[in-house]
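Novice: Sharing a structure below in structure tokens format, with a few things to ask.
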Amino acid sequence: MLLNHVEIQVSDFEKSAAFYDAVFATIGAVRQVDMSPNAIGWGNPQGGPEFWIGGHRFGEGFRESHLAFSAPDKAAVDAFVAAAVEQGMEVLHAPKEWPEYTGGPLVSYYAGHVRDPDGNNVEAAAMEFA
């Protein structure tokens, strides 16, 4: 594994917590550590927290991040985007096949992209390998 965990700073902690609870439920991730209002960590039930939010503490302004989360299948990608829409978020790219990202052993890349409450590009992707 290349990454141990990722944390992003959020401007509205409660709104972001509700958003990530909703979309992560669709791909099998659960809230594992809750140190509200300072930090919350989510991960797969079998492991530790891999993705964290924390209140905005450092820096000024905004720089968009792109975060892609693994989904177990295409239906979970669809549910992820639907959950984001239910939270009032913008759809950047509706779920679809992205053949330009396939090749070699990767035979299918199905993904959808939404904005999170802070404007980040958040993606759910289901990949199939030969």
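Here, A, B, ... name the chains of the structure tokens in the order displayed, residue numbers run from 1 inside each chain, and ligands are numbered from 1 in the same displayed order.
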Determine, counting only C-alpha atoms, which protein, DNA and RNA residues have an atom within 9 Å of an atom of segment 92-103 of chain A; residues of the same chain fewer than 4 positions away are not included. Present the result as a PyMOL selection string.
Specialist: chain A and resi 74+77-78+81+107-115+121+123-125
Novice: For those residues, write N, CA, C and O atoms to a file as a PDB file, in the first residue's frame.
Specialist:
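Written file, again_16.pdb:
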ATOM      1  N   LYS A  74     -20.141  -1.326 -10.144  1.00  0.00           N
ATOM      2  CA  LYS A  74     -20.778  -0.190 -10.822  1.00  0.00           C
ATOM      3  C   LYS A  74     -22.000   0.320 -10.067  1.00  0.00           C
ATOM      4  O   LYS A  74     -22.239   1.528 -10.010  1.00  0.00           O
ATOM      5  N   VAL A  77     -20.945   2.717  -7.462  1.00  0.00           N
ATOM      6  CA  VAL A  77     -20.596   4.022  -8.033  1.00  0.00           C
ATOM      7  C   VAL A  77     -21.864   4.841  -8.243  1.00  0.00           C
ATOM      8  O   VAL A  77     -21.936   6.019  -7.876  1.00  0.00           O
ATOM      9  N   ASP A  78     -22.865   4.217  -8.833  1.00  0.00           N
ATOM     10  CA  ASP A  78     -24.150   4.898  -9.054  1.00  0.00           C
ATOM     11  C   ASP A  78     -24.750   5.371  -7.733  1.00  0.00           C
ATOM     12  O   ASP A  78     -25.245   6.500  -7.624  1.00  0.00           O
ATOM     13  N   VAL A  81     -22.867   8.494  -6.269  1.00  0.00           N
ATOM     14  CA  VAL A  81     -23.265   9.749  -6.902  1.00  0.00           C
ATOM     15  C   VAL A  81     -24.675  10.143  -6.461  1.00  0.00           C
ATOM     16  O   VAL A  81     -24.936  11.311  -6.147  1.00  0.00           O
ATOM     17  N   VAL A 107      -9.391  -3.670 -17.656  1.00  0.00           N
ATOM     18  CA  VAL A 107     -10.322  -3.809 -18.782  1.00  0.00           C
ATOM     19  C   VAL A 107     -11.569  -2.937 -18.646  1.00  0.00           C
ATOM     20  O   VAL A 107     -12.274  -2.724 -19.621  1.00  0.00           O
ATOM     21  N   SER A 108     -11.844  -2.430 -17.437  1.00  0.00           N
ATOM     22  CA  SER A 108     -13.007  -1.570 -17.257  1.00  0.00           C
ATOM     23  C   SER A 108     -12.718  -0.567 -16.142  1.00  0.00           C
ATOM     24  O   SER A 108     -12.219  -0.937 -15.073  1.00  0.00           O
ATOM     25  N   TYR A 109     -13.041   0.703 -16.423  1.00  0.00           N
ATOM     26  CA  TYR A 109     -12.923   1.764 -15.423  1.00  0.00           C
ATOM     27  C   TYR A 109     -14.236   2.529 -15.461  1.00  0.00           C
ATOM     28  O   TYR A 109     -14.515   3.254 -16.408  1.00  0.00           O
ATOM     29  N   TYR A 110     -15.072   2.320 -14.457  1.00  0.00           N
ATOM     30  CA  TYR A 110     -16.391   2.933 -14.358  1.00  0.00           C
ATOM     31  C   TYR A 110     -16.359   3.875 -13.166  1.00  0.00           C
ATOM     32  O   TYR A 110     -16.042   3.468 -12.043  1.00  0.00           O
ATOM     33  N   ALA A 111     -16.656   5.157 -13.402  1.00  0.00           N
ATOM     34  CA  ALA A 111     -16.524   6.133 -12.322  1.00  0.00           C
ATOM     35  C   ALA A 111     -17.511   7.270 -12.473  1.00  0.00           C
ATOM     36  O   ALA A 111     -17.995   7.558 -13.568  1.00  0.00           O
ATOM     37  N   GLY A 112     -17.785   7.922 -11.348  1.00  0.00           N
ATOM     38  CA  GLY A 112     -18.586   9.133 -11.300  1.00  0.00           C
ATOM     39  C   GLY A 112     -17.907  10.123 -10.376  1.00  0.00           C
ATOM     40  O   GLY A 112     -17.272   9.739  -9.396  1.00  0.00           O
ATOM     41  N   HIS A 113     -18.027  11.415 -10.708  1.00  0.00           N
ATOM     42  CA  HIS A 113     -17.369  12.483  -9.951  1.00  0.00           C
ATOM     43  C   HIS A 113     -18.395  13.491  -9.454  1.00  0.00           C
ATOM     44  O   HIS A 113     -19.285  13.890 -10.206  1.00  0.00           O
ATOM     45  N   VAL A 114     -18.235  13.922  -8.194  1.00  0.00           N
ATOM     46  CA  VAL A 114     -19.102  14.939  -7.596  1.00  0.00           C
ATOM     47  C   VAL A 114     -18.240  15.962  -6.857  1.00  0.00           C
ATOM     48  O   VAL A 114     -17.060  15.733  -6.622  1.00  0.00           O
ATOM     49  N   ARG A 115     -18.845  17.078  -6.505  1.00  0.00           N
ATOM     50  CA  ARG A 115     -18.192  18.056  -5.626  1.00  0.00           C
ATOM     51  C   ARG A 115     -18.546  17.710  -4.186  1.00  0.00           C
ATOM     52  O   ARG A 115     -19.680  17.340  -3.892  1.00  0.00           O
ATOM     53  N   ASN A 121     -13.155  17.673  -5.990  1.00  0.00           N
ATOM     54  CA  ASN A 121     -13.600  16.685  -6.963  1.00  0.00           C
ATOM     55  C   ASN A 121     -13.452  15.317  -6.302  1.00  0.00           C
ATOM     56  O   ASN A 121     -12.349  14.837  -6.098  1.00  0.00           O
ATOM     57  N   GLU A 123     -14.433  11.293  -6.374  1.00  0.00           N
ATOM     58  CA  GLU A 123     -14.767  10.267  -7.360  1.00  0.00           C
ATOM     59  C   GLU A 123     -14.949   8.918  -6.676  1.00  0.00           C
ATOM     60  O   GLU A 123     -14.243   8.595  -5.722  1.00  0.00           O
ATOM     61  N   ALA A 124     -15.889   8.126  -7.187  1.00  0.00           N
ATOM     62  CA  ALA A 124     -15.992   6.714  -6.848  1.00  0.00           C
ATOM     63  C   ALA A 124     -15.690   5.951  -8.125  1.00  0.00           C
ATOM     64  O   ALA A 124     -16.243   6.273  -9.183  1.00  0.00           O
ATOM     65  N   ALA A 125     -14.812   4.955  -8.051  1.00  0.00           N
ATOM     66  CA  ALA A 125     -14.386   4.210  -9.237  1.00  0.00           C
ATOM     67  C   ALA A 125     -14.432   2.714  -8.968  1.00  0.00           C
ATOM     68  O   ALA A 125     -13.958   2.247  -7.930  1.00  0.00           O
TER      69      ALA A 125
END
Novice: Each residue of segment 26-105 of chain A with at least one atom at most 7 Å from segment 4-22 of chain A should appear once, together with its nearest atom pair and the corresponding distance in Å (one decimal); atoms considered: only C-alpha atoms; ordering: chain, then increasing residue number; output as CSV.
Specialist:
residue,atom,partner,partner_atom,distance
A:Pro37,CA,A:Phe13,CA,6.9
A:Glu50,CA,A:His5,CA,4.2
A:Phe51,CA,A:Val6,CA,5.0
A:Trp52,CA,A:Glu7,CA,4.3
A:Ile53,CA,A:Ile8,CA,5.1
A:Gly54,CA,A:Gln9,CA,4.9
A:Gly55,CA,A:Val10,CA,5.1
A:His56,CA,A:Gln9,CA,4.6
A:Ala83,CA,A:Ala22,CA,5.9
A:Ala84,CA,A:Phe19,CA,6.8
A:Gln87,CA,A:Phe19,CA,6.2
Novice: Can you write out the residues you just picked, keeping C-alpha atoms, as a short mmCIF file (atom, residue, chain, number, x, y, z; two decimals), in the first residue's frame?
Specialist:
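result06.cif, freshly written:
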data_model
loop_
_atom_site.label_atom_id
_atom_site.label_comp_id
_atom_site.auth_asym_id
_atom_site.auth_seq_id
_atom_site.Cartn_x
_atom_site.Cartn_y
_atom_site.Cartn_z
CA PRO A 37 -15.26 18.61 16.12
CA GLU A 50 -7.71 5.77 5.70
CA PHE A 51 -9.55 9.02 5.00
CA TRP A 52 -9.91 11.85 7.51
CA ILE A 53 -11.50 15.28 7.67
CA GLY A 54 -10.39 18.00 10.02
CA GLY A 55 -11.54 21.55 10.56
CA HIS A 56 -9.85 24.22 8.45
CA ALA A 83 -26.07 9.90 -2.24
CA ALA A 84 -24.03 13.01 -3.08
CA GLN A 87 -26.78 15.84 0.01
#
Novice: Can you list every residue in chain A that DSSP puts in strand (DSSP E), as a ChimeraX atom specification?
Specialist: /A:6-10,30-35,39-43,51-55,66-70,91-97,106-115,121-129
